[in-house]
Structure formats: C-alpha cells, structure tokens
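Just input10.txt here, compact mmCIF, C-alpha atoms:
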# COMPACT_ATOMS: atom_id res chain seq x y z
CA GLN A 1 129.86 83.50 35.78
CA GLN A 2 127.76 86.57 35.23
CA GLN A 3 129.35 89.46 37.04
CA VAL A 4 126.61 92.00 36.34
CA LYS A 5 122.99 90.96 36.69
CA GLN A 6 120.40 93.18 35.04
CA SER A 7 116.64 93.23 35.43
CA PRO A 8 114.03 93.31 34.10
CA GLN A 9 114.67 91.72 30.73
CA SER A 10 111.91 93.81 29.20
CA LEU A 11 109.89 96.78 30.36
CA ILE A 12 106.80 98.50 29.02
CA VAL A 13 106.02 101.98 30.25
CA GLN A 14 103.44 104.56 29.30
CA LYS A 15 104.55 107.91 27.97
CA GLY A 16 105.32 110.24 30.84
CA GLY A 17 105.98 107.40 33.26
CA ILE A 18 109.15 106.44 35.07
CA SER A 19 111.31 103.61 33.72
CA ILE A 20 113.50 101.84 36.26
CA ILE A 21 116.19 99.31 35.37
CA ASN A 22 118.26 97.59 38.02
CA CYS A 23 121.72 96.05 38.06
CA ALA A 24 123.69 94.17 40.68
CA TYR A 25 127.36 93.37 40.59
CA GLU A 26 129.60 90.94 42.38
CA ASN A 27 133.13 92.24 41.96
CA THR A 28 133.89 94.78 44.69
CA ALA A 29 136.84 96.02 42.63
CA PHE A 30 134.48 97.58 40.09
CA ASP A 31 134.69 101.35 40.26
CA TYR A 32 133.01 102.56 37.09
CA PHE A 33 129.38 101.94 36.18
CA PRO A 34 128.10 103.18 32.81
CA TRP A 35 124.74 102.75 31.17
CA TYR A 36 124.50 102.33 27.42
CA GLN A 37 121.54 102.87 25.13
CA GLN A 38 121.29 100.88 21.93
CA PHE A 39 118.83 101.36 19.10
CA PRO A 40 118.30 98.58 16.53
CA GLY A 41 121.09 98.47 13.98
CA LYS A 42 123.29 100.84 15.96
CA GLY A 43 126.20 100.45 18.30
CA PRO A 44 125.71 101.13 22.02
CA ALA A 45 125.95 104.79 23.01
CA LEU A 46 126.99 105.95 26.45
CA LEU A 47 124.04 107.43 28.30
CA ILE A 48 125.33 108.20 31.77
CA ALA A 49 127.98 106.80 34.11
CA ILE A 50 128.74 106.90 37.81
CA ARG A 51 131.63 106.19 40.13
CA PRO A 52 131.16 104.84 43.67
CA ASP A 53 132.15 108.08 45.36
CA VAL A 54 128.64 109.44 44.78
CA SER A 55 125.24 107.85 45.40
CA GLU A 56 123.37 109.56 42.61
CA LYS A 57 124.04 111.27 39.30
CA LYS A 58 121.48 113.08 37.21
CA GLU A 59 121.68 114.19 33.60
CA GLY A 60 118.45 115.59 32.26
CA ARG A 61 115.74 112.94 32.54
CA PHE A 62 118.26 110.19 33.33
CA THR A 63 119.40 109.40 36.87
CA ILE A 64 121.72 106.72 38.19
CA SER A 65 121.26 105.64 41.79
CA PHE A 66 124.16 103.76 43.32
CA ASN A 67 124.20 101.68 46.50
CA LYS A 68 127.74 100.57 47.23
CA SER A 69 126.91 98.45 50.29
CA ALA A 70 124.27 96.52 48.38
CA LYS A 71 126.42 96.40 45.23
CA GLN A 72 123.51 97.66 43.18
CA PHE A 73 122.88 100.50 40.79
CA SER A 74 119.86 101.53 38.82
CA LEU A 75 118.82 103.75 35.95
CA HIS A 76 115.74 105.92 36.26
CA ILE A 77 114.24 107.55 33.18
CA MET A 78 111.82 110.25 34.17
CA ASP A 79 108.99 111.40 31.89
CA SER A 80 109.68 108.47 29.56
CA GLN A 81 109.12 109.18 25.87
CA PRO A 82 108.49 106.87 22.89
CA GLY A 83 111.91 107.95 21.59
CA ASP A 84 113.44 106.31 24.66
CA SER A 85 112.34 102.93 23.36
CA ALA A 86 115.62 101.04 23.02
CA THR A 87 117.71 98.39 24.72
CA TYR A 88 119.61 99.54 27.78
CA PHE A 89 122.74 97.87 29.08
CA CYS A 90 124.42 98.42 32.40
CA ALA A 91 128.12 97.71 32.63
CA ALA A 92 130.97 97.80 35.08
CA SER A 93 134.73 97.91 35.06
CA GLY A 94 137.56 98.39 37.50
CA GLY A 95 140.20 96.63 39.49
CA GLY A 96 142.87 97.95 37.18
CA SER A 97 141.10 96.76 34.04
CA GLU A 98 139.42 98.97 31.48
CA LYS A 99 137.37 96.03 30.21
CA LEU A 100 133.63 96.52 30.50
CA VAL A 101 131.42 93.70 31.77
CA PHE A 102 127.89 94.09 30.47
CA GLY A 103 124.53 93.11 31.86
CA LYS A 104 122.18 91.17 29.63
CA GLY A 105 120.18 94.20 28.63
CA THR A 106 116.65 95.54 29.11
CA LYS A 107 114.38 96.17 26.18
CA LEU A 108 112.35 99.27 27.01
CA THR A 109 109.15 100.08 25.17
CA VAL A 110 107.46 103.38 25.86
CA ASN A 111 103.90 103.44 24.60
CA PRO A 112 102.48 106.75 23.33
CA SER B 113 133.50 112.14 22.01
CA ALA B 114 135.50 110.48 19.24
CA VAL B 115 133.91 108.81 16.24
CA ILE B 116 134.50 105.21 15.19
CA SER B 117 133.99 104.17 11.61
CA GLN B 118 133.49 100.46 11.22
CA LYS B 119 133.21 98.61 7.95
CA PRO B 120 131.66 96.71 6.41
CA SER B 121 128.34 97.47 8.06
CA ARG B 122 127.05 94.07 7.01
CA ASP B 123 128.07 91.11 4.92
CA ILE B 124 126.84 87.70 3.88
CA CYS B 125 129.64 85.17 3.61
CA GLN B 126 130.06 81.59 2.58
CA ARG B 127 131.10 79.09 5.23
CA GLY B 128 134.80 78.34 5.22
CA THR B 129 135.78 81.84 4.11
CA SER B 130 137.20 84.69 6.19
CA LEU B 131 136.06 88.27 6.70
CA THR B 132 138.14 91.17 7.93
CA ILE B 133 136.36 93.98 9.75
CA GLN B 134 138.01 97.37 9.97
CA CYS B 135 137.69 99.92 12.73
CA GLN B 136 138.98 103.48 12.32
CA VAL B 137 138.95 106.03 15.14
CA ASP B 138 139.19 109.75 14.46
CA SER B 139 141.60 110.27 17.36
CA GLN B 140 144.38 108.32 19.01
CA VAL B 141 143.26 105.85 21.65
CA THR B 142 145.25 103.57 23.88
CA MET B 143 143.01 100.55 23.91
CA MET B 144 140.54 99.11 21.46
CA PHE B 145 138.18 96.24 22.08
CA TRP B 146 136.28 93.81 19.90
CA TYR B 147 132.88 92.48 20.97
CA ARG B 148 130.40 90.02 19.60
CA GLN B 149 126.66 90.55 20.06
CA GLN B 150 124.10 87.97 19.09
CA PRO B 151 120.81 89.59 17.99
CA GLY B 152 118.81 90.55 21.04
CA GLN B 153 121.65 89.59 23.36
CA SER B 154 124.33 91.33 25.37
CA LEU B 155 127.88 92.12 24.35
CA THR B 156 130.61 89.55 24.81
CA LEU B 157 134.20 90.71 24.76
CA ILE B 158 136.35 88.85 22.23
CA ALA B 159 139.68 90.53 22.81
CA THR B 160 141.56 93.66 23.68
CA ALA B 161 143.68 95.07 20.85
CA ASN B 162 146.80 96.84 22.04
CA GLN B 163 149.07 98.82 19.79
CA GLY B 164 152.53 97.35 19.67
CA SER B 165 151.69 94.07 21.35
CA GLU B 166 149.64 90.95 20.84
CA ALA B 167 145.92 91.14 21.41
CA THR B 168 144.61 89.71 24.66
CA TYR B 169 141.83 87.18 24.13
CA GLU B 170 139.00 86.32 26.47
CA SER B 171 138.14 82.80 27.46
CA GLY B 172 136.55 80.96 24.58
CA PHE B 173 138.17 83.04 21.86
CA VAL B 174 141.45 82.18 20.16
CA ILE B 175 143.83 84.00 17.89
CA ASP B 176 143.61 81.44 15.10
CA LYS B 177 139.88 82.03 14.79
CA PHE B 178 139.85 85.78 15.45
CA PRO B 179 143.21 87.29 14.49
CA ILE B 180 143.45 90.96 15.37
CA SER B 181 145.76 93.66 14.13
CA ARG B 182 146.49 97.03 15.72
CA PRO B 183 149.08 98.75 13.55
CA ASN B 184 148.64 102.19 15.12
CA LEU B 185 146.67 104.15 17.70
CA THR B 186 143.69 104.85 15.43
CA PHE B 187 143.07 101.59 13.59
CA SER B 188 142.35 97.93 14.23
CA THR B 189 141.07 94.95 12.30
CA LEU B 190 139.32 91.76 13.38
CA THR B 191 139.28 88.76 11.07
CA VAL B 192 136.71 86.04 11.47
CA SER B 193 138.41 83.00 10.01
CA ASN B 194 137.06 79.79 8.53
CA MET B 195 133.53 80.95 9.18
CA SER B 196 130.61 78.73 10.07
CA PRO B 197 126.93 79.65 10.55
CA GLU B 198 127.60 79.85 14.30
CA ASP B 199 129.74 82.91 13.63
CA SER B 200 126.69 84.81 12.40
CA SER B 201 126.49 87.75 14.76
CA ILE B 202 127.08 91.46 15.15
CA TYR B 203 130.70 92.41 15.70
CA LEU B 204 131.45 95.71 17.40
CA CYS B 205 134.65 97.57 18.00
CA SER B 206 135.08 99.92 20.90
CA ALA B 207 137.73 102.46 21.71
CA ASP B 208 138.43 103.16 25.30
CA GLY B 209 138.70 106.51 26.83
CA ASN B 210 140.76 107.34 29.86
CA ARG B 211 138.99 106.51 33.10
CA ALA B 212 141.17 108.91 35.03
CA THR B 213 140.01 111.83 32.91
CA ASN B 214 136.48 110.50 32.52
CA THR B 215 136.83 110.08 28.79
CA GLU B 216 134.31 107.42 28.10
CA ALA B 217 134.37 104.33 25.93
CA PHE B 218 132.52 104.55 22.64
CA PHE B 219 131.42 102.07 20.01
CA GLY B 220 131.30 101.68 16.28
CA GLN B 221 128.03 100.97 14.50
CA GLY B 222 128.78 97.27 14.27
CA THR B 223 129.15 94.74 11.47
CA ARG B 224 126.24 92.39 10.96
CA LEU B 225 127.68 89.12 9.67
CA THR B 226 125.62 86.32 8.23
CA VAL B 227 127.34 83.07 7.33
CA VAL B 228 125.52 80.79 4.91

Would you give me this structure, written as structure tokens?
Amino acid sequence: QQQVKQSPQSLIVQKGGISIINCAYENTAFDYFPWYQQFPGKGPALLIAIRPDVSEKKEGRFTISFNKSAKQFSLHIMDSQPGDSATYFCAASGGGSEKLVFGKGTKLTVNP
Amino acid sequence: SAVISQKPSRDICQRGTSLTIQCQVDSQVTMMFWYRQQPGQSLTLIATANQGSEATYESGFVIDKFPISRPNLTFSTLTVSNMSPEDSSIYLCSADGNRATNTEAFFGQGTRLTVV
C-alpha cells in the first residue's frame, strides 16, 4: 500500500520556468511533510518541510503548498535552473512515528 | 545539520558473502534508519536502529538477512548477509532529528552494492 503518491514521474522544464511536483497522502495522522532533493550518486538532502498548521512555506525559490482537507501537498520551484536538475522525493511521517514514508520520486530536468 | 559518514561508498561482492556497512554521525542522535534504494527508485525502509535495543524491521526484511548493530548514539552498522544479485542496490543510513525541535532527518551518501 503506497501511502504517499507522487506525480509526475518525470518533468522537463525550461530555464526560468516553474516546476511543480505534487504529492497526496492517505494517513491523516501524518503531521510532517518534507521534500528531499537527490543528485546522482548522493544521498537525499532535505530541501524544505512543512507541518499542517500552515498552508504554505517559502524558502528562496522553493515553496511548499499544503492542502490539509485534500490531503495534498506540492513543491513549486520558481525560476528553475539547470542546477535544479535532480530527483525530488516527497515524504511524510507522523502518528507518533518518526519513520518517513517516501513518494516514488520525480526526475526533474531543467533545460538551459 | 549533522554529518553522516557512510562507508564503503561502493563495493562489488561475490554471491554468498556478507558485507557490513558502517554509518558514523558527528553528533548524538536518538534514532537511525537504514534504507534500500534501487537505482532510479524510491527509498524503502529496512529497519530502525535503536541504541540499547533490538532493531525494528519493516515488513519483508528480517534480522537474519540484515543484522543491525547500534552500539552507541553516533554509530550503526548494517550487514547484508548471504548476498545474492537481488541484493544489488544502494543502501542509505539516516539519522533522525527531533521533530519537536524541528531538527530534520539527514542522510549519508549511500553505499552502492553490486553482487556478482
């Protein structure tokens, strides 16, 4: 049973464009929603995270939008750059557990 | 954030042998986790390594195949035992921060294992 569904599987964006990746979760006990960025040959690195007490969180060019009623959250990358080309994973945890449940990942390619 | 050193970074092993992966954190952490990631795929949790108690394994993973040690709050090992080609994967350790204080989870660089 996949508890966090991520889409799209791959995404191609032109430099300067907006990249949008979506995730939906099933477990209403989840209360922590991070996004990780992974470059080839590297471990995942935390990009930005949100808790359900806010609907949006912005850090630089990266924004998480959170819709608790719809059980969805998304990552927006503004002014996308070729250096943003990586695989992005959404994740969730909560309900008394620190274990992270990951989405399947989105491979982002930003063309120059 | 803390730094995790994981080694080896990669290895090629013969089937039937075992490999122990080490994970060292530069600060004390309560919980450490071991994941497996097939190339191009997502992360699958193998087990949670707790200091002072047995590791907690996820469905589909057993202690005999993936024994884990956690001798202190900064170190853990994962052994992949009696390896077969199906064990070829990337193994990642993660150290968990404290959700209450918004200290986030962070990952090692991973160990790329190839079983021949």

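Selecting chain A residues within 9 Å of chain B and counting all atoms listed in the file yields Tyr32, Pro34, Gly41, Lys42, Gly43, Pro44, Ala45, Leu46, Ala49, Thr87, Phe89, Glu98, Lys99, Leu100, Val101, Phe102, Gly103, Lys104, Gly105 and Lys107 of chain A.
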
Task: Between atom CA of Arg148 of chain B and atom CA of Thr186 of chain B, distance in Å (one decimal) - done: 20.3 Å

Open item on the list: As an exercise, work out the distance from atom CA of Thr106 of chain A to atom CA of Ser117 of chain B in Å and give it to one decimal place.
Closed with: 26.1 Å

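Between atom CA of Phe33 of chain A and atom CA of Lys57 of chain A lies a distance of 11.2 Å.
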
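Omitting segment 64-68 of chain A and its sequence neighbours fewer than 5 positions away, and counting only C-alpha atoms, the residues within 9 Å are Thr28, Trp35, Ile48, Ala49, Ile50, Arg51, Pro52, Asp53, Val54, Ser55, Glu56, Lys57, Lys58, Glu59, Phe73, Ser74, Leu75 and His76 of chain A.
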
Task: Residues near Gln81 of chain A, cut-off 8 Å, only C-alpha atoms, skip fewer than 3 positions along chain, as a list in words - done: Lys15, Gly16, Asp84, Ser85, Val110, Asn111 and Pro112 of chain A

Task: Within 10 Å of segment 130-133 of chain B using all atoms listed in the file, minus same-chain residues under 6 positions, as a PyMOL selection string - done: chain B and resi 118-124+177-180+188-196+203-205+222-223+225

Could you take the residues named above and write them with C-alpha atoms, as a PDB file, in the frame of the given file?
ATOM      1  CA  GLN B 118     133.490 100.460  11.220  1.00  0.00           C
ATOM      2  CA  LYS B 119     133.210  98.610   7.950  1.00  0.00           C
ATOM      3  CA  PRO B 120     131.660  96.710   6.410  1.00  0.00           C
ATOM      4  CA  SER B 121     128.340  97.470   8.060  1.00  0.00           C
ATOM      5  CA  ARG B 122     127.050  94.070   7.010  1.00  0.00           C
ATOM      6  CA  ASP B 123     128.070  91.110   4.920  1.00  0.00           C
ATOM      7  CA  ILE B 124     126.840  87.700   3.880  1.00  0.00           C
ATOM      8  CA  LYS B 177     139.880  82.030  14.790  1.00  0.00           C
ATOM      9  CA  PHE B 178     139.850  85.780  15.450  1.00  0.00           C
ATOM     10  CA  PRO B 179     143.210  87.290  14.490  1.00  0.00           C
ATOM     11  CA  ILE B 180     143.450  90.960  15.370  1.00  0.00           C
ATOM     12  CA  SER B 188     142.350  97.930  14.230  1.00  0.00           C
ATOM     13  CA  THR B 189     141.070  94.950  12.300  1.00  0.00           C
ATOM     14  CA  LEU B 190     139.320  91.760  13.380  1.00  0.00           C
ATOM     15  CA  THR B 191     139.280  88.760  11.070  1.00  0.00           C
ATOM     16  CA  VAL B 192     136.710  86.040  11.470  1.00  0.00           C
ATOM     17  CA  SER B 193     138.410  83.000  10.010  1.00  0.00           C
ATOM     18  CA  ASN B 194     137.060  79.790   8.530  1.00  0.00           C
ATOM     19  CA  MET B 195     133.530  80.950   9.180  1.00  0.00           C
ATOM     20  CA  SER B 196     130.610  78.730  10.070  1.00  0.00           C
ATOM     21  CA  TYR B 203     130.700  92.410  15.700  1.00  0.00           C
ATOM     22  CA  LEU B 204     131.450  95.710  17.400  1.00  0.00           C
ATOM     23  CA  CYS B 205     134.650  97.570  18.000  1.00  0.00           C
ATOM     24  CA  GLY B 222     128.780  97.270  14.270  1.00  0.00           C
ATOM     25  CA  THR B 223     129.150  94.740  11.470  1.00  0.00           C
ATOM     26  CA  LEU B 225     127.680  89.120   9.670  1.00  0.00           C
TER      27      LEU B 225
END

List the spatial neighbours of Ser19 of chain A as a short mmCIF file (atom, residue, chain, number, x, y, z; two decimals) with C-alpha atoms, in the frame of the given file - criterion: any atom at most 8 Å away, only C-alpha atoms, same-chain residues fewer than 6 positions off excluded.
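The resulting around_5.cif:
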data_model
loop_
_atom_site.label_atom_id
_atom_site.label_comp_id
_atom_site.auth_asym_id
_atom_site.auth_seq_id
_atom_site.Cartn_x
_atom_site.Cartn_y
_atom_site.Cartn_z
CA LEU A 11 109.89 96.78 30.36
CA VAL A 13 106.02 101.98 30.25
CA LEU A 75 118.82 103.75 35.95
CA HIS A 76 115.74 105.92 36.26
CA ILE A 77 114.24 107.55 33.18
CA MET A 78 111.82 110.25 34.17
CA SER A 80 109.68 108.47 29.56
#

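Ranking A:Gly94, A:Thr109, A:Tyr25, A:Ile18 by their shortest atom-to-atom distance to Pro82 of chain A, with only C-alpha atoms included, puts A:Thr109 first.
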
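With only C-alpha atoms as the atoms that count, the residue of A:Gln38, A:Ser93, A:Leu47, A:Asn27 with the shortest distance to Gln149 of chain B is A:Gln38.
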
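Checking B:Asp138, B:Glu170, B:Glu198, B:Asp176 one by one against Val115 of chain B, counting only C-alpha atoms, you find the shortest gap at B:Asp138.
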